[in-house]
file structure35.tsv (TSV, C-alpha atoms)
chain	number	residue	atom	x	y	z
T	1	MET	CA	23.35	1.27	57.28
T	2	SER	CA	22.45	2.98	54.10
T	3	LEU	CA	20.23	1.85	51.28
T	4	MET	CA	23.24	1.46	49.05
T	5	GLY	CA	24.01	-2.12	49.93
T	6	SER	CA	26.56	-3.10	52.50
T	7	GLY	CA	28.98	-4.79	50.15
T	8	GLU	CA	29.26	-1.88	47.78
T	9	ASN	CA	31.77	0.42	49.41
T	10	LYS	CA	32.03	2.59	46.33
T	11	ARG	CA	28.41	3.56	46.54
T	12	GLU	CA	28.46	4.08	50.28
T	13	GLN	CA	31.31	6.53	49.96
T	14	ARG	CA	29.50	8.74	47.50
T	15	VAL	CA	28.69	12.27	48.40
T	16	GLY	CA	25.86	12.89	45.96
T	17	GLY	CA	24.08	9.62	46.69
T	18	PHE	CA	20.99	8.65	48.58
T	19	HIS	CA	21.86	10.72	51.65
T	20	GLU	CA	21.06	13.89	49.74
T	21	MET	CA	17.59	12.82	48.81
T	22	GLY	CA	14.55	14.17	50.61
T	23	ASP	CA	12.99	10.96	51.80
T	24	MET	CA	16.30	9.22	52.36
T	25	ASP	CA	17.82	11.95	54.47
T	26	LYS	CA	16.95	10.36	57.73
T	27	LYS	CA	19.40	7.78	58.98
T	28	ILE	CA	18.07	4.30	58.69
T	29	GLU	CA	18.24	2.28	61.82
T	30	PRO	CA	20.03	-1.05	61.54
T	31	GLY	CA	16.86	-2.75	62.70
T	32	ALA	CA	14.58	-1.10	60.17
T	33	ALA	CA	13.46	-4.30	58.51
T	34	GLY	CA	11.40	-2.54	55.90
T	35	GLU	CA	14.32	-0.47	54.68
T	36	GLN	CA	16.54	-3.52	54.69
T	37	GLU	CA	13.96	-5.27	52.56
T	38	LEU	CA	13.87	-2.33	50.16
T	39	GLU	CA	17.63	-2.25	50.00
T	40	GLN	CA	17.77	-5.98	49.38
T	41	ALA	CA	15.08	-5.75	46.72
T	42	LEU	CA	16.92	-2.99	44.88
T	43	LYS	CA	20.15	-4.96	45.08
T	44	ASN	CA	18.45	-8.09	43.76
T	45	PHE	CA	16.84	-6.06	41.02
T	46	ARG	CA	20.19	-4.68	39.93
T	47	LEU	CA	21.82	-8.12	39.98
T	48	SER	CA	18.91	-9.55	38.04
T	49	VAL	CA	19.14	-6.85	35.35
T	50	VAL	CA	22.91	-7.32	35.13
T	51	ALA	CA	22.53	-11.12	34.78
T	52	TRP	CA	19.84	-10.72	32.13
T	53	SER	CA	21.83	-8.10	30.24
T	54	ASP	CA	25.02	-10.21	30.31
T	55	ALA	CA	23.12	-13.21	28.98
T	56	ALA	CA	21.39	-11.13	26.30
T	57	TYR	CA	24.62	-9.41	25.31
T	58	SER	CA	26.42	-12.68	24.65
T	59	ARG	CA	23.51	-14.59	23.13
T	60	PRO	CA	23.83	-15.91	19.58
T	61	ARG	CA	22.32	-13.42	17.14
T	62	THR	CA	19.47	-14.31	14.84
T	63	ALA	CA	20.27	-11.83	12.11
T	64	ALA	CA	18.77	-13.87	9.27
T	65	GLN	CA	15.44	-14.11	11.04
T	66	VAL	CA	15.37	-10.41	11.74
T	67	VAL	CA	16.30	-9.60	8.14
T	68	ARG	CA	13.61	-11.88	6.79
T	69	HIS	CA	11.06	-10.39	9.12
T	70	ARG	CA	12.07	-6.92	8.09
T	71	SER	CA	12.20	-7.78	4.40
T	72	TRP	CA	8.68	-9.22	4.62
T	73	ARG	CA	7.50	-6.02	6.21
T	74	LEU	CA	9.42	-3.98	3.65
T	75	ALA	CA	7.85	-5.95	0.79
T	76	ALA	CA	4.39	-5.51	2.29
T	77	GLY	CA	5.07	-1.82	2.67
T	78	TRP	CA	6.20	-1.53	-0.95
T	79	ALA	CA	3.20	-3.50	-2.19
T	80	LEU	CA	0.83	-1.30	-0.23
T	81	GLY	CA	2.62	1.80	-1.43
T	82	CYS	CA	2.49	0.65	-5.07
T	83	ALA	CA	-1.20	-0.21	-4.73
T	84	LEU	CA	-1.91	3.21	-3.27
T	85	VAL	CA	0.06	4.96	-6.01
T	86	ALA	CA	-1.60	2.90	-8.75
T	87	GLY	CA	-5.02	3.56	-7.21
T	88	GLY	CA	-4.28	7.25	-6.99
T	89	LEU	CA	-3.04	7.42	-10.58
T	90	SER	CA	-5.97	5.46	-12.00
T	91	GLY	CA	-8.37	7.58	-9.97
T	92	ALA	CA	-6.76	10.74	-11.29
T	93	GLY	CA	-6.87	9.36	-14.87
T	94	TYR	CA	-10.53	8.42	-14.54
T	95	GLU	CA	-11.33	11.81	-13.06
T	96	ARG	CA	-9.56	13.55	-15.96
T	97	HIS	CA	-11.31	11.42	-18.57
T	98	HIS	CA	-14.66	12.04	-16.88
T	99	ARG	CA	-14.09	15.79	-16.88
T	100	GLN	CA	-13.07	15.75	-20.56
T	101	GLU	CA	-16.20	13.76	-21.43
T	102	VAL	CA	-18.45	16.15	-19.54
T	103	ALA	CA	-16.77	19.14	-21.23
T	104	ARG	CA	-17.19	17.53	-24.67
T	105	ILE	CA	-20.91	16.87	-24.09
T	106	ALA	CA	-21.42	20.41	-22.82
T	107	ALA	CA	-19.63	21.82	-25.90
T	108	GLU	CA	-21.78	19.69	-28.21
T	109	ARG	CA	-24.95	20.87	-26.49
T	110	ALA	CA	-23.88	24.49	-26.72
T	111	ALA	CA	-23.09	24.09	-30.43
T	112	GLU	CA	-26.48	22.46	-31.04
T	113	GLN	CA	-28.28	25.26	-29.25
T	114	GLN	CA	-26.35	27.88	-31.20
T	115	ARG	CA	-27.19	26.12	-34.45
T	116	MET	CA	-30.91	26.07	-33.55
T	117	VAL	CA	-30.83	29.74	-32.59
T	118	ARG	CA	-29.13	30.56	-35.88
T	119	GLU	CA	-31.74	28.59	-37.85
T	120	ARG	CA	-34.58	30.34	-36.03
T	121	GLU	CA	-33.03	33.71	-36.68
T	122	GLY	CA	-32.57	32.84	-40.37
T	123	LEU	CA	-36.23	31.87	-40.73
T	124	LEU	CA	-37.34	35.07	-39.01
T	125	ARG	CA	-35.09	37.12	-41.21
T	126	GLU	CA	-36.44	35.38	-44.35
T	127	GLU	CA	-40.03	35.98	-43.30
T	128	GLN	CA	-39.27	39.57	-42.55
T	129	ALA	CA	-37.58	40.03	-45.93
T	130	LYS	CA	-40.59	38.48	-47.67
T	131	ALA	CA	-42.96	40.75	-45.85
T	132	GLU	CA	-40.85	43.77	-46.65
T	133	GLU	CA	-40.75	42.76	-50.31
T	134	GLU	CA	-44.53	42.38	-50.46
T	135	ASP	CA	-45.00	45.73	-48.79
T	136	LEU	CA	-42.66	47.30	-51.27
T	137	LEU	CA	-44.49	45.75	-54.24
T	138	ALA	CA	-47.83	46.90	-52.90
T	139	LYS	CA	-46.46	50.37	-52.38
T	140	VAL	CA	-45.04	50.41	-55.91
T	141	ASP	CA	-48.39	49.22	-57.30
T	142	SER	CA	-50.31	51.90	-55.45
T	143	ASP	CA	-47.75	54.52	-56.36
T	144	VAL	CA	-47.77	53.51	-60.01
T	145	SER	CA	-51.57	53.44	-60.10
T	146	ARG	CA	-51.80	56.91	-58.62
T	147	GLU	CA	-49.13	58.53	-60.75
T	148	VAL	CA	-51.44	59.29	-63.72
T	149	PRO	CA	-51.12	62.75	-65.23
T	150	SER	CA	-54.20	64.90	-64.69
T	151	ALA	CA	-54.64	65.29	-68.43
T	152	MET	CA	-55.12	61.52	-68.73
T	153	GLU	CA	-57.70	61.39	-65.90
T	154	PRO	CA	-60.83	61.13	-68.18
T	155	LEU	CA	-59.19	58.32	-70.12
T	156	ALA	CA	-58.35	56.48	-66.95
T	157	GLN	CA	-61.94	56.75	-65.81
T	158	LEU	CA	-63.09	55.36	-69.11
T	159	MET	CA	-60.73	52.45	-68.75
T	160	ALA	CA	-62.05	51.80	-65.29
T	161	GLU	CA	-65.62	51.84	-66.51
T	162	ASP	CA	-64.68	49.63	-69.39
T	163	GLU	CA	-63.16	47.15	-67.01
T	164	ARG	CA	-66.30	47.23	-64.88
T	165	LYS	CA	-68.40	46.40	-67.89
J	1	MET	CA	65.99	23.86	20.54
J	2	ALA	CA	69.16	21.76	20.10
J	3	ALA	CA	71.94	23.21	18.04
J	4	GLY	CA	71.93	22.14	14.45
J	5	THR	CA	68.27	21.11	14.34
J	6	THR	CA	66.06	23.02	12.01
J	7	LEU	CA	62.30	23.08	11.79
J	8	GLU	CA	61.24	21.81	8.43
J	9	PRO	CA	58.38	23.73	6.89
J	10	MET	CA	55.21	21.62	6.91
J	11	THR	CA	54.65	20.35	3.43
J	12	ARG	CA	51.29	19.21	2.12
J	13	ALA	CA	52.35	15.57	2.45
J	14	THR	CA	53.38	15.93	6.09
J	15	ALA	CA	50.14	17.78	6.88
J	16	GLU	CA	48.15	14.95	5.32
J	17	ASN	CA	50.16	12.40	7.28
J	18	PHE	CA	49.53	14.34	10.45
J	19	ALA	CA	45.79	14.53	9.77
J	20	ALA	CA	45.68	10.80	8.96
J	21	ARG	CA	47.53	9.97	12.17
J	22	GLU	CA	45.10	12.16	14.13
J	23	LEU	CA	42.16	10.39	12.53
J	24	GLU	CA	43.68	7.04	13.32
J	25	THR	CA	44.21	8.04	16.93
J	26	ALA	CA	40.64	9.29	17.18
J	27	GLY	CA	39.43	6.02	15.67
J	28	GLU	CA	41.41	4.02	18.20
J	29	GLU	CA	40.08	6.17	21.03
J	30	PHE	CA	36.53	5.64	19.85
J	31	SER	CA	37.06	1.88	19.60
J	32	LEU	CA	38.16	1.88	23.23
J	33	VAL	CA	35.08	3.87	24.23
J	34	VAL	CA	32.83	1.40	22.41
J	35	GLU	CA	34.57	-1.57	24.01
J	36	ARG	CA	34.31	-0.09	27.48
J	37	HIS	CA	30.80	1.35	27.48
J	38	ARG	CA	28.78	-0.74	25.07
J	39	PRO	CA	27.64	-3.34	27.64
J	40	GLN	CA	26.49	-0.62	30.01
J	41	ILE	CA	24.53	1.26	27.35
J	42	PHE	CA	22.96	-2.00	26.21
J	43	ARG	CA	22.03	-2.87	29.81
J	44	PHE	CA	20.35	0.49	30.36
J	45	LEU	CA	18.39	0.23	27.11
J	46	LEU	CA	17.41	-3.38	27.85
J	47	ALA	CA	16.12	-2.45	31.29
J	48	SER	CA	14.25	0.53	29.81
J	49	THR	CA	12.61	-1.34	26.96
J	50	ARG	CA	12.62	-4.98	28.15
J	51	ASP	CA	13.16	-5.81	24.47
J	52	MET	CA	16.46	-7.43	23.49
J	53	ASP	CA	16.25	-6.72	19.76
J	54	LEU	CA	15.21	-3.14	20.31
J	55	ALA	CA	17.91	-2.62	22.93
J	56	GLU	CA	20.50	-3.96	20.50
J	57	THR	CA	19.27	-1.76	17.66
J	58	LEU	CA	19.21	1.34	19.84
J	59	THR	CA	22.68	0.54	21.18
J	60	GLN	CA	24.01	0.35	17.63
J	61	GLU	CA	22.27	3.60	16.72
J	62	CYS	CA	23.72	5.21	19.83
J	63	PHE	CA	27.29	4.32	18.90
J	64	LEU	CA	26.72	5.23	15.26
J	65	LYS	CA	25.52	8.65	16.33
J	66	ALA	CA	28.38	8.96	18.78
J	67	HIS	CA	30.87	8.05	16.05
J	68	ARG	CA	29.47	10.70	13.73
J	69	ASN	CA	29.73	13.33	16.45
J	70	TRP	CA	32.93	12.11	18.06
J	71	GLY	CA	34.77	15.11	16.72
J	72	SER	CA	32.45	17.51	18.50
J	73	PHE	CA	32.77	15.73	21.87
J	74	ARG	CA	34.73	18.22	23.95
J	75	GLY	CA	35.10	16.12	27.07
J	76	GLU	CA	33.09	18.48	29.26
J	77	SER	CA	31.38	15.45	30.73
J	78	SER	CA	32.61	11.86	30.78
J	79	ALA	CA	32.21	9.80	27.62
J	80	MET	CA	29.77	7.57	29.51
J	81	THR	CA	27.53	10.51	30.42
J	82	TRP	CA	27.65	11.74	26.84
J	83	LEU	CA	26.77	8.30	25.48
J	84	MET	CA	24.02	7.87	28.04
J	85	ARG	CA	22.52	11.17	26.97
J	86	ILE	CA	22.45	9.98	23.36
J	87	ALA	CA	20.89	6.67	24.45
J	88	ILE	CA	18.19	8.43	26.48
J	89	ASN	CA	17.31	10.68	23.54
J	90	LEU	CA	17.19	7.75	21.14
J	91	GLN	CA	14.91	5.90	23.49
J	92	LYS	CA	12.63	8.92	23.79
J	93	ASP	CA	12.53	9.34	20.01
J	94	HIS	CA	11.73	5.68	19.60
J	95	TRP	CA	8.69	5.82	21.88
J	96	ARG	CA	7.53	9.07	20.31
J	97	ASN	CA	7.79	7.59	16.82
J	98	ARG	CA	6.06	4.45	17.95
J	99	ARG	CA	3.13	6.47	19.24
J	100	MET	CA	2.95	8.32	15.92
J	101	GLN	CA	3.21	5.20	13.77
J	102	PHE	CA	0.07	3.62	15.15
J	103	TRP	CA	-0.51	1.60	11.99
J	104	ARG	CA	2.70	-0.31	12.50
J	105	HIS	CA	2.33	-3.34	14.66
J	106	THR	CA	1.43	-1.97	18.02
J	107	GLN	CA	2.58	-4.94	20.04
J	108	THR	CA	6.09	-4.55	21.32
J	109	ASN	CA	8.52	-7.42	21.69
J	110	SER	CA	9.03	-6.57	25.33
J	111	VAL	CA	9.25	-9.59	27.58
J	112	ASP	CA	6.68	-9.70	30.33
J	113	LEU	CA	7.57	-8.86	33.89
J	114	ASP	CA	7.66	-12.48	35.06
J	115	GLU	CA	10.23	-13.34	32.41
J	116	ALA	CA	12.33	-10.29	33.23
J	117	GLY	CA	12.18	-11.17	36.92
J	118	GLU	CA	13.35	-14.73	36.26
J	119	TRP	CA	16.94	-13.61	35.97
J	120	LEU	CA	18.88	-13.89	39.20
J	121	ALA	CA	22.50	-13.64	40.10
J	122	SER	CA	23.96	-17.08	40.74
J	123	GLY	CA	25.04	-16.10	44.28
J	124	GLU	CA	21.81	-17.02	46.08
J	125	SER	CA	22.41	-20.05	48.24
J	126	SER	CA	19.13	-21.69	49.16
J	127	ALA	CA	16.03	-22.29	47.12
J	128	GLU	CA	14.05	-20.28	49.65
J	129	LYS	CA	16.30	-17.26	49.25
J	130	GLN	CA	16.13	-17.58	45.48
J	131	LEU	CA	12.35	-17.61	45.63
J	132	LEU	CA	12.32	-14.56	47.87
J	133	ALA	CA	14.75	-12.74	45.64
J	134	ARG	CA	12.69	-13.57	42.55
J	135	GLU	CA	9.60	-12.26	44.25
J	136	GLN	CA	11.33	-9.03	45.21
J	137	VAL	CA	12.67	-8.53	41.70
J	138	GLY	CA	9.17	-9.10	40.33
J	139	HIS	CA	7.79	-6.43	42.64
J	140	VAL	CA	10.46	-3.94	41.60
J	141	TRP	CA	9.73	-4.64	37.91
J	142	ALA	CA	6.03	-4.11	38.55
J	143	ALA	CA	6.81	-0.76	40.17
J	144	VAL	CA	9.17	0.21	37.34
J	145	LYS	CA	6.47	-0.57	34.77
J	146	GLY	CA	4.16	1.91	36.47
J	147	LEU	CA	6.69	4.73	36.45
J	148	SER	CA	6.67	7.60	33.99
J	149	GLU	CA	9.38	7.63	31.33
J	150	ARG	CA	11.49	10.14	33.22
J	151	GLN	CA	11.07	8.46	36.57
J	152	ARG	CA	12.03	5.13	35.06
J	153	THR	CA	15.12	6.58	33.39
J	154	VAL	CA	16.27	8.25	36.58
J	155	PHE	CA	15.52	5.16	38.66
J	156	LEU	CA	17.42	2.82	36.33
J	157	LEU	CA	20.40	5.16	36.09
J	158	ARG	CA	20.54	5.34	39.87
J	159	TYR	CA	19.86	1.77	40.95
J	160	VAL	CA	21.05	-0.27	37.98
J	161	GLU	CA	23.84	1.89	36.56
J	162	GLU	CA	24.72	3.25	40.02
J	163	GLN	CA	25.31	6.76	38.73
J	164	GLU	CA	25.75	9.84	40.88
J	165	LEU	CA	22.88	12.31	41.00
J	166	SER	CA	25.03	14.92	39.25
J	167	GLU	CA	25.83	12.45	36.47
J	168	ILE	CA	22.13	11.59	36.10
J	169	ALA	CA	21.32	15.29	35.94
J	170	ARG	CA	23.88	15.80	33.17
J	171	ALA	CA	22.75	12.73	31.22
J	172	THR	CA	19.06	13.59	31.39
J	173	GLY	CA	19.43	17.36	31.10
J	174	LEU	CA	17.42	17.84	34.32
J	175	SER	CA	18.42	19.76	37.42
J	176	GLU	CA	19.64	17.78	40.40
J	177	GLY	CA	16.57	18.84	42.37
J	178	THR	CA	14.28	17.43	39.68
J	179	VAL	CA	16.29	14.22	39.58
J	180	LYS	CA	15.91	13.86	43.34
J	181	ALA	CA	12.16	14.46	43.12
J	182	HIS	CA	11.74	11.84	40.37
J	183	LEU	CA	13.89	9.40	42.27
J	184	SER	CA	11.99	9.94	45.47
J	185	ARG	CA	8.68	9.24	43.74
J	186	ALA	CA	10.10	6.16	42.03
J	187	VAL	CA	11.45	4.75	45.30
J	188	GLY	CA	8.12	5.51	46.96
J	189	ARG	CA	6.42	3.45	44.29
J	190	VAL	CA	8.84	0.55	44.77
J	191	ARG	CA	8.31	0.78	48.50
J	192	ALA	CA	4.55	0.67	48.05
J	193	GLU	CA	4.84	-2.30	45.70
J	194	LEU	CA	6.95	-4.16	48.22
J	195	GLY	CA	4.51	-3.24	50.98
J	196	VAL	CA	7.27	-1.58	52.96
J	197	ARG	CA	6.36	1.18	55.40
J	198	GLN	CA	8.51	4.27	55.49

call {"tool": "encode", "arguments": {"input": "structure35.tsv", "output": "structure tokens"}}
result
Amino acid sequence: MSLMGSGENKREQRVGGFHEMGDMDKKIEPGAAGEQELEQALKNFRLSVVAWSDAAYSRPRTAAQVVRHRSWRLAAGWALGCALVAGGLSGAGYERHHRQEVARIAAERAAEQQRMVREREGLLREEQAKAEEEDLLAKVDSDVSREVPSAMEPLAQLMAEDERK
Amino acid sequence: MAAGTTLEPMTRATAENFAARELETAGEEFSLVVERHRPQIFRFLLASTRDMDLAETLTQECFLKAHRNWGSFRGESSAMTWLMRIAINLQKDHWRNRRMQFWRHTQTNSVDLDEAGEWLASGESSAEKQLLAREQVGHVWAAVKGLSERQRTVFLLRYVEEQELSEIARATGLSEGTVKAHLSRAVGRVRAELGVRQ
């Protein structure tokens, strides 16, 4: 007796069946109760699956329920997707605005600093010009005072004395 | 050729008619294939997934895919083997996708083993025999649940679909030796579950 089931001649006649398999190669004694039990279990299993499948195949379909279930999931998926997209967009917008604001403040600070530097430089330049002007006047004074012809020297001395008096 | 008959040159209209008739024939052939093999494909997918809705969806996908590729089916294997191969691949893809999409609801709609084992053929005579049969079926389901995907596929093709080893090898893309090895392990597991000594 093979494991194929006694009533299933088609399977028993097969060449490429159980008899080729390693652990099924040995002939099973008719009295091997364990193998009979296995054979019976496999047969019952097959019949059970067939009965279940036949019943499931011809059962009334619940298409509406499935569709509703799927549409609910689809709607939830869309809502989540929209929320994620909106969140992403608003985040990107905020990030952009924040960057623009930071750049504007930095530009203002840089302009302020440049203005202060320019003012400082202007003051320095003014002071320098003043000093140069004073130096020049002093030089002119001294030059003018010294440029007296030698013939006029006695008169200049007299004037100096006169001033002293 | 009979005297007086002449071969008319094939005009565009006759070529279109010919193509349309070919398409129609192919469509009819495919309808026959669907009618003949759909219950079997559904049964295999139901036993693999223990989920009626999923089995139905995968069966539809299987025949949709088969319809799209019907033109490329060269008849090297039987239509059943070809369809079974598509079904096995769809099933594999489904589980792979399910593992990837962990955020989707992780619970499957699979019925539990007790429910699956409730189904019995109406042939059992006594209540005692029915109880015994139910118990045996439950044990086999428990063993099947513990099998790897490949072992389960091979086991179901062999003991539910009653396919030849060569057919199983063609449908799964495995060698016959590998099929035998998987089958041997699967049967060993069933045997252990039943408490049967070798």

call {"tool": "residues_around", "arguments": {"input": "structure35.tsv", "residues": "stretch 53-65 of chain J", "least_positions_apart": "6", "cutoff": "10 Å", "atoms": "all atoms listed in the file", "output": "MDAnalysis selection string"}}
result
(chainID T and resid 53 56:57 61:62 66) or (chainID J and resid 30 33:34 37:47 83:91 94 108:110)

call {"tool": "residues_around", "arguments": {"input": "structure35.tsv", "residues": "stretch 153-164 of chain J", "least_positions_apart": "2", "cutoff": "9 Å", "atoms": "all atoms listed in the file", "output": "VMD selection string"}}
result
(chain T and resid 4 11 14 to 17 42 to 43 45 to 47 49 to 50) or (chain J and resid 40 43 to 44 47 to 48 88 144 148 to 151 166 to 169 172 179 to 180 182 to 183 186 to 187)

call {"tool": "atom_distance", "arguments": {"input": "structure35.tsv", "atom1": "atom CA of T:Asp54", "atom2": "atom CA of J:Ala143"}}
result
22.8 Å

call {"tool": "atom_distance", "arguments": {"input": "structure35.tsv", "atom1": "atom CA of T:Ala106", "atom2": "atom CA of T:Ala92"}}
result
21.0 Å

call {"tool": "atom_distance", "arguments": {"input": "structure35.tsv", "atom1": "atom CA of J:Glu128", "atom2": "atom CA of T:Asn44"}}
result
14.2 Å
